[in-house]
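Listing of query22.cif, mmCIF, N, CA and C atoms and all ligand atoms
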```
data_target
#
loop_
_atom_site.label_atom_id
_atom_site.label_comp_id
_atom_site.auth_asym_id
_atom_site.auth_seq_id
_atom_site.Cartn_x
_atom_site.Cartn_y
_atom_site.Cartn_z
N MET X 554 -2.09 4.28 22.55
CA MET X 554 -1.27 3.45 21.66
C MET X 554 -1.82 3.54 20.24
N THR X 555 -0.95 3.81 19.31
CA THR X 555 -1.41 3.96 17.93
C THR X 555 -1.31 2.64 17.17
N GLU X 556 -2.18 2.49 16.24
CA GLU X 556 -2.18 1.31 15.38
C GLU X 556 -0.93 1.33 14.50
N GLN X 557 -0.23 0.20 14.44
CA GLN X 557 1.02 0.17 13.68
C GLN X 557 0.89 -0.42 12.27
N THR X 558 -0.33 -0.85 11.95
CA THR X 558 -0.56 -1.30 10.58
C THR X 558 -1.76 -0.57 10.01
N MET X 559 -1.87 -0.57 8.71
CA MET X 559 -3.05 -0.01 8.08
C MET X 559 -3.49 -0.92 6.94
N SER X 560 -4.81 -0.94 6.73
CA SER X 560 -5.39 -1.78 5.71
C SER X 560 -5.67 -0.92 4.49
N VAL X 561 -5.10 -1.30 3.36
CA VAL X 561 -5.27 -0.51 2.13
C VAL X 561 -5.62 -1.42 0.96
N ARG X 562 -6.28 -0.83 -0.03
CA ARG X 562 -6.57 -1.54 -1.28
C ARG X 562 -5.59 -1.04 -2.32
N VAL X 563 -4.87 -1.98 -2.93
CA VAL X 563 -3.89 -1.58 -3.94
C VAL X 563 -4.16 -2.35 -5.24
N ILE X 564 -3.63 -1.83 -6.32
CA ILE X 564 -3.80 -2.46 -7.63
C ILE X 564 -2.73 -3.53 -7.79
N ASP X 565 -3.16 -4.73 -8.13
CA ASP X 565 -2.22 -5.83 -8.35
C ASP X 565 -2.18 -6.14 -9.84
N ARG X 566 -1.08 -5.81 -10.48
CA ARG X 566 -0.92 -6.08 -11.91
C ARG X 566 -0.03 -7.29 -12.16
N SER X 567 0.24 -8.04 -11.13
CA SER X 567 1.18 -9.15 -11.29
C SER X 567 0.53 -10.37 -11.91
N GLY X 568 -0.82 -10.40 -11.95
CA GLY X 568 -1.49 -11.54 -12.54
C GLY X 568 -1.45 -12.79 -11.69
N TRP X 569 -1.47 -12.60 -10.36
CA TRP X 569 -1.58 -13.73 -9.45
C TRP X 569 -2.85 -14.50 -9.80
N GLY X 570 -2.76 -15.80 -9.99
CA GLY X 570 -3.97 -16.58 -10.24
C GLY X 570 -4.50 -16.29 -11.63
N THR X 571 -4.52 -17.26 -12.47
CA THR X 571 -4.82 -17.02 -13.87
C THR X 571 -6.25 -16.57 -14.12
N SER X 572 -7.19 -16.96 -13.26
CA SER X 572 -8.59 -16.60 -13.49
C SER X 572 -8.96 -15.28 -12.82
N ALA X 573 -8.02 -14.63 -12.17
CA ALA X 573 -8.32 -13.41 -11.45
C ALA X 573 -8.63 -12.28 -12.44
N PRO X 574 -9.56 -11.42 -12.06
CA PRO X 574 -9.79 -10.24 -12.91
C PRO X 574 -8.54 -9.38 -12.95
N TYR X 575 -8.39 -8.67 -14.04
CA TYR X 575 -7.18 -7.88 -14.21
C TYR X 575 -7.55 -6.45 -14.57
N PRO X 576 -6.99 -5.43 -13.96
CA PRO X 576 -6.12 -5.55 -12.78
C PRO X 576 -6.94 -5.88 -11.53
N ALA X 577 -6.37 -6.59 -10.62
CA ALA X 577 -7.06 -6.98 -9.40
C ALA X 577 -6.83 -5.95 -8.31
N ILE X 578 -7.86 -5.72 -7.50
CA ILE X 578 -7.73 -4.87 -6.33
C ILE X 578 -7.57 -5.78 -5.12
N ARG X 579 -6.52 -5.58 -4.39
CA ARG X 579 -6.27 -6.42 -3.22
C ARG X 579 -6.21 -5.56 -1.96
N ARG X 580 -6.84 -6.08 -0.91
CA ARG X 580 -6.74 -5.41 0.39
C ARG X 580 -5.62 -6.07 1.18
N VAL X 581 -4.69 -5.27 1.60
CA VAL X 581 -3.53 -5.81 2.31
C VAL X 581 -3.27 -4.99 3.57
N GLU X 582 -2.58 -5.61 4.50
CA GLU X 582 -2.16 -4.94 5.72
C GLU X 582 -0.69 -4.57 5.58
N ILE X 583 -0.39 -3.31 5.78
CA ILE X 583 1.00 -2.89 5.70
C ILE X 583 1.35 -2.06 6.93
N SER X 584 2.62 -1.88 7.12
CA SER X 584 3.09 -1.04 8.22
C SER X 584 2.66 0.40 7.99
N ARG X 585 2.49 1.14 9.09
CA ARG X 585 2.22 2.57 8.97
C ARG X 585 3.49 3.36 8.69
N CYS X 586 4.61 2.68 8.65
CA CYS X 586 5.89 3.36 8.48
C CYS X 586 6.36 3.32 7.04
N CYS X 587 6.91 4.42 6.57
CA CYS X 587 7.52 4.48 5.25
C CYS X 587 8.73 3.56 5.24
N PRO X 588 8.81 2.63 4.26
CA PRO X 588 9.95 1.69 4.23
C PRO X 588 11.26 2.37 3.85
N THR X 589 11.17 3.56 3.28
CA THR X 589 12.39 4.24 2.85
C THR X 589 13.07 4.96 3.99
N CYS X 590 12.28 5.71 4.79
CA CYS X 590 12.90 6.50 5.85
C CYS X 590 12.40 6.14 7.24
N GLY X 591 11.34 5.31 7.33
CA GLY X 591 10.84 4.91 8.64
C GLY X 591 9.88 5.90 9.27
N GLY X 592 9.54 6.96 8.54
CA GLY X 592 8.58 7.94 9.06
C GLY X 592 7.16 7.45 8.90
N GLN X 593 6.20 8.20 9.44
CA GLN X 593 4.79 7.83 9.33
C GLN X 593 4.30 7.97 7.89
N ARG X 594 3.50 7.00 7.46
CA ARG X 594 2.82 7.13 6.17
C ARG X 594 1.59 8.03 6.34
N GLY X 595 1.10 8.52 5.20
CA GLY X 595 -0.10 9.35 5.21
C GLY X 595 -1.35 8.51 5.36
N GLU X 596 -2.49 9.18 5.54
CA GLU X 596 -3.76 8.50 5.69
C GLU X 596 -4.27 8.05 4.31
N PRO X 597 -4.69 6.77 4.18
CA PRO X 597 -5.24 6.32 2.90
C PRO X 597 -6.59 6.98 2.60
N ARG X 598 -6.83 7.23 1.35
CA ARG X 598 -8.13 7.76 0.93
C ARG X 598 -8.54 7.06 -0.36
N ASN X 599 -9.84 7.05 -0.59
CA ASN X 599 -10.38 6.35 -1.74
C ASN X 599 -10.00 7.02 -3.05
N HIS X 600 -9.68 6.20 -4.03
CA HIS X 600 -9.36 6.70 -5.36
C HIS X 600 -10.11 5.84 -6.38
N ASN X 601 -11.01 6.48 -7.14
CA ASN X 601 -11.77 5.77 -8.16
C ASN X 601 -11.13 5.99 -9.51
N PHE X 602 -11.06 4.94 -10.30
CA PHE X 602 -10.51 5.09 -11.64
C PHE X 602 -11.19 4.11 -12.58
N TYR X 603 -10.92 4.30 -13.84
CA TYR X 603 -11.55 3.50 -14.87
C TYR X 603 -10.46 2.89 -15.72
N GLU X 604 -10.45 1.58 -15.80
CA GLU X 604 -9.41 0.92 -16.58
C GLU X 604 -9.94 -0.36 -17.17
N ASP X 605 -9.63 -0.59 -18.43
CA ASP X 605 -9.96 -1.84 -19.10
C ASP X 605 -11.44 -2.18 -18.98
N GLY X 606 -12.29 -1.13 -19.13
CA GLY X 606 -13.73 -1.34 -19.11
C GLY X 606 -14.34 -1.53 -17.74
N GLN X 607 -13.55 -1.32 -16.71
CA GLN X 607 -14.07 -1.51 -15.35
C GLN X 607 -13.89 -0.24 -14.53
N HIS X 608 -14.88 0.01 -13.67
CA HIS X 608 -14.71 1.04 -12.66
C HIS X 608 -14.11 0.39 -11.43
N LEU X 609 -13.00 0.92 -10.97
CA LEU X 609 -12.29 0.31 -9.86
C LEU X 609 -12.01 1.34 -8.78
N SER X 610 -11.85 0.86 -7.57
CA SER X 610 -11.48 1.72 -6.45
C SER X 610 -10.27 1.14 -5.75
N CYS X 611 -9.35 2.00 -5.42
CA CYS X 611 -8.21 1.58 -4.61
C CYS X 611 -7.95 2.69 -3.59
N ASP X 612 -6.91 2.55 -2.83
CA ASP X 612 -6.54 3.59 -1.87
C ASP X 612 -5.23 4.24 -2.30
N VAL X 613 -5.15 5.51 -2.08
CA VAL X 613 -3.91 6.25 -2.32
C VAL X 613 -3.61 7.05 -1.07
N TRP X 614 -2.36 7.35 -0.87
CA TRP X 614 -1.98 8.15 0.30
C TRP X 614 -0.71 8.91 -0.03
N ASP X 615 -0.60 10.05 0.60
CA ASP X 615 0.59 10.88 0.43
C ASP X 615 1.38 10.84 1.72
N ASN X 616 2.61 10.41 1.64
CA ASN X 616 3.44 10.36 2.84
C ASN X 616 3.97 11.75 3.17
N PRO X 617 3.87 12.14 4.44
CA PRO X 617 4.37 13.46 4.83
C PRO X 617 5.86 13.64 4.50
N CYS X 618 6.59 12.52 4.46
CA CYS X 618 8.03 12.62 4.19
C CYS X 618 8.33 12.83 2.71
N GLY X 619 7.32 12.63 1.84
CA GLY X 619 7.52 12.87 0.42
C GLY X 619 7.88 11.64 -0.39
N HIS X 620 8.16 10.52 0.28
CA HIS X 620 8.44 9.29 -0.46
C HIS X 620 7.14 8.73 -1.02
N VAL X 621 7.22 8.18 -2.21
CA VAL X 621 6.03 7.62 -2.87
C VAL X 621 6.02 6.11 -2.73
N ASP X 622 4.90 5.56 -2.27
CA ASP X 622 4.75 4.10 -2.18
C ASP X 622 4.13 3.59 -3.47
N MET X 623 4.89 2.84 -4.24
CA MET X 623 4.35 2.20 -5.43
C MET X 623 3.55 0.98 -5.00
N HIS X 624 2.44 0.73 -5.72
CA HIS X 624 1.59 -0.40 -5.32
C HIS X 624 2.33 -1.73 -5.40
N GLU X 625 3.24 -1.86 -6.36
CA GLU X 625 4.01 -3.11 -6.46
C GLU X 625 4.85 -3.32 -5.19
N ALA X 626 5.44 -2.25 -4.70
CA ALA X 626 6.27 -2.35 -3.50
C ALA X 626 5.40 -2.65 -2.28
N VAL X 627 4.19 -2.07 -2.26
CA VAL X 627 3.28 -2.31 -1.14
C VAL X 627 2.86 -3.78 -1.11
N LEU X 628 2.58 -4.35 -2.29
CA LEU X 628 2.21 -5.76 -2.37
C LEU X 628 3.36 -6.64 -1.90
N ALA X 629 4.56 -6.30 -2.31
CA ALA X 629 5.74 -7.08 -1.90
C ALA X 629 5.91 -6.99 -0.39
N GLU X 630 5.67 -5.80 0.15
CA GLU X 630 5.78 -5.61 1.60
C GLU X 630 4.74 -6.45 2.33
N ALA X 631 3.51 -6.46 1.82
CA ALA X 631 2.45 -7.23 2.46
C ALA X 631 2.74 -8.72 2.42
N LYS X 632 3.30 -9.18 1.30
CA LYS X 632 3.63 -10.61 1.19
C LYS X 632 4.76 -10.97 2.14
N ALA X 633 5.69 -10.05 2.33
CA ALA X 633 6.82 -10.32 3.21
C ALA X 633 6.45 -10.14 4.67
N ASP X 634 5.27 -9.54 4.93
CA ASP X 634 4.78 -9.34 6.28
C ASP X 634 5.81 -8.62 7.14
N GLN X 635 6.21 -7.47 6.65
CA GLN X 635 7.27 -6.72 7.32
C GLN X 635 6.73 -5.71 8.32
N THR X 636 5.65 -6.03 8.97
CA THR X 636 5.11 -5.08 9.92
C THR X 636 6.08 -4.92 11.08
N LYS X 637 6.39 -3.69 11.34
CA LYS X 637 7.38 -3.37 12.37
C LYS X 637 6.67 -2.73 13.56
N GLY X 638 7.44 -2.36 14.51
CA GLY X 638 6.91 -1.67 15.66
C GLY X 638 6.77 -0.18 15.39
N GLU X 639 7.35 0.60 16.24
CA GLU X 639 7.27 2.04 16.13
C GLU X 639 7.95 2.55 14.86
N CYS X 640 7.38 3.58 14.27
CA CYS X 640 8.04 4.22 13.14
C CYS X 640 9.25 4.99 13.67
N GLN X 641 10.29 5.01 12.87
CA GLN X 641 11.50 5.72 13.28
C GLN X 641 11.91 6.69 12.19
N HIS X 642 12.47 7.76 12.61
CA HIS X 642 13.02 8.71 11.64
C HIS X 642 14.53 8.49 11.54
N GLY X 643 15.05 8.74 10.37
CA GLY X 643 16.50 8.68 10.21
C GLY X 643 17.04 7.27 10.04
N ARG X 644 16.16 6.29 9.79
CA ARG X 644 16.63 4.95 9.57
C ARG X 644 17.19 4.82 8.14
N HIS X 645 18.26 4.10 7.97
CA HIS X 645 18.84 3.97 6.64
C HIS X 645 18.69 2.54 6.13
ZN ZN X 701 9.78 8.31 3.79
#
```
Turn this file's structure into structure tokens for me.
Ligand SMILES: [Zn+2]
Amino acid sequence: MTEQTMSVRVIDRSGWGTSAPYPAIRRVEISRCCPTCGGQRGEPRNHNFYEDGQHLSCDVWDNPCGHVDMHEAVLAEAKADQTKGECQHGRH
């Protein structure tokens, strides 16, 4: 049985919480399925970057289907807790 969620670190630029560092890195649980087509997402890997005087790390992944997951959409997905069951292909 495969794990149907994955834990990723994404950049949160929404400014949740006024005292939070900006940009904030948040670890969230999301579905392993692409929300656009329902196919499997790619494996997350570490991505280091430098922004606003800080060295930050987040996760990036390339979906085999070619759809790009924007971090804003991933955060919205995590807040909505849309974890589904099996990934499906051809879902509209
Ligand atoms: Zn897709």
Select from chain X every residue with an atom at most 6 Å from any atom of ligand ZN 701 (chain X), then for each give the shortest pair of atoms and their distance in Å to one decimal, using only N, CA and C atoms and all ligand atoms, rows by chain and rising number, as CSV.
```
residue,atom,partner,partner_atom,distance
X:Cys587,CA,X:ZN701,ZN,4.7
X:Pro588,N,X:ZN701,ZN,5.8
X:Thr589,C,X:ZN701,ZN,4.7
X:Cys590,N,X:ZN701,ZN,3.7
X:Gly591,N,X:ZN701,ZN,4.9
X:Gly592,N,X:ZN701,ZN,4.9
X:Cys618,CA,X:ZN701,ZN,4.7
X:Gly619,N,X:ZN701,ZN,5.3
X:His620,N,X:ZN701,ZN,4.5
```
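Computed from the coordinates, the atom C of Gln641 (chain X) to CA of Arg580 (chain X) distance equals 25.2 Å.
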Residue with the minimum atom-to-atom distance to Ile564 (chain X), picked from X:Ala633, X:Ile583, X:Cys640, X:Cys611 with all atoms listed in the file counted, is X:Cys611
Pairwise distance, atom C of Glu639 (chain X) with CA of Cys586 (chain X), equals 6.8 Å
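Residues of protein, DNA or RNA having at least one counted atom within 7 Å of (1.1, 3.1, 8.5), given only C-alpha atoms, are Gln557, Thr558, Met559, Ile583, Ser584, Arg585, Cys586, Gln593 and Arg594 of chain X.
Rounded to one decimal, atom N of Leu609 (chain X) and atom C of Val561 (chain X) lie 14.2 Å from each other.
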Fewer than 5 positions away in the same chain doesn't count, so skip those; otherwise give me all residues within 8 Å of Ser567 (chain X), counting only N, CA and C atoms, as number ranges by chain. X: 576-577, 625
Write out as a ChimeraX atom specification the set of residues from chain X that DSSP, computed on the backbone, places in alpha helix (DSSP H).
/X:624-633
Selection file, N, CA and C atoms, as a PDB file, in the coordinates of the input:
```
ATOM      1  N   HIS X 624       2.440   0.730  -5.720  1.00  0.00           N
ATOM      2  CA  HIS X 624       1.590  -0.400  -5.320  1.00  0.00           C
ATOM      3  C   HIS X 624       2.330  -1.730  -5.400  1.00  0.00           C
ATOM      4  N   GLU X 625       3.240  -1.860  -6.360  1.00  0.00           N
ATOM      5  CA  GLU X 625       4.010  -3.110  -6.460  1.00  0.00           C
ATOM      6  C   GLU X 625       4.850  -3.320  -5.190  1.00  0.00           C
ATOM      7  N   ALA X 626       5.440  -2.250  -4.700  1.00  0.00           N
ATOM      8  CA  ALA X 626       6.270  -2.350  -3.500  1.00  0.00           C
ATOM      9  C   ALA X 626       5.400  -2.650  -2.280  1.00  0.00           C
ATOM     10  N   VAL X 627       4.190  -2.070  -2.260  1.00  0.00           N
ATOM     11  CA  VAL X 627       3.280  -2.310  -1.140  1.00  0.00           C
ATOM     12  C   VAL X 627       2.860  -3.780  -1.110  1.00  0.00           C
ATOM     13  N   LEU X 628       2.580  -4.350  -2.290  1.00  0.00           N
ATOM     14  CA  LEU X 628       2.210  -5.760  -2.370  1.00  0.00           C
ATOM     15  C   LEU X 628       3.360  -6.640  -1.900  1.00  0.00           C
ATOM     16  N   ALA X 629       4.560  -6.300  -2.310  1.00  0.00           N
ATOM     17  CA  ALA X 629       5.740  -7.080  -1.900  1.00  0.00           C
ATOM     18  C   ALA X 629       5.910  -6.990  -0.390  1.00  0.00           C
ATOM     19  N   GLU X 630       5.670  -5.800   0.150  1.00  0.00           N
ATOM     20  CA  GLU X 630       5.780  -5.610   1.600  1.00  0.00           C
ATOM     21  C   GLU X 630       4.740  -6.450   2.330  1.00  0.00           C
ATOM     22  N   ALA X 631       3.510  -6.460   1.820  1.00  0.00           N
ATOM     23  CA  ALA X 631       2.450  -7.230   2.460  1.00  0.00           C
ATOM     24  C   ALA X 631       2.740  -8.720   2.420  1.00  0.00           C
ATOM     25  N   LYS X 632       3.300  -9.180   1.300  1.00  0.00           N
ATOM     26  CA  LYS X 632       3.630 -10.610   1.190  1.00  0.00           C
ATOM     27  C   LYS X 632       4.760 -10.970   2.140  1.00  0.00           C
ATOM     28  N   ALA X 633       5.690 -10.050   2.330  1.00  0.00           N
ATOM     29  CA  ALA X 633       6.820 -10.320   3.210  1.00  0.00           C
ATOM     30  C   ALA X 633       6.450 -10.140   4.670  1.00  0.00           C
TER      31      ALA X 633
END
```
*asked:* Residues within 5 Å of (-8.5, 1.7, -2.9), file coordinates, counting all atoms listed in the file: what are they? Give the list as a PyMOL selection string.
replied: chain X and resi 562+600+610-612
Considering only strand (DSSP E) as DSSP defines it on the backbone, what residues of chain X qualify? List them as a PyMOL selection string.
chain X and resi 558-565+577-584+598-604+607-613
For Val563 (chain X): contacts at 6 Å, only C-alpha atoms, fewer than 5 positions along chain excluded, given as a PyMOL selection string: chain X and resi 578-579+611+624
Same residues, N, CA and C atoms, output as a tab-separated table (two decimals), in the frame of the given file:
```
chain	number	residue	atom	x	y	z
X	578	ILE	N	-7.86	-5.72	-7.50
X	578	ILE	CA	-7.73	-4.87	-6.33
X	578	ILE	C	-7.57	-5.78	-5.12
X	579	ARG	N	-6.52	-5.58	-4.39
X	579	ARG	CA	-6.27	-6.42	-3.22
X	579	ARG	C	-6.21	-5.56	-1.96
X	611	CYS	N	-9.35	2.00	-5.42
X	611	CYS	CA	-8.21	1.58	-4.61
X	611	CYS	C	-7.95	2.69	-3.59
X	624	HIS	N	2.44	0.73	-5.72
X	624	HIS	CA	1.59	-0.40	-5.32
X	624	HIS	C	2.33	-1.73	-5.40
```
For Trp614 (chain X): contacts at 8 Å, only C-alpha atoms, fewer than 5 positions along chain excluded, given as a list of chain:residue names
X:Arg594, X:Gly595, X:Glu596, X:Pro597, X:Arg598
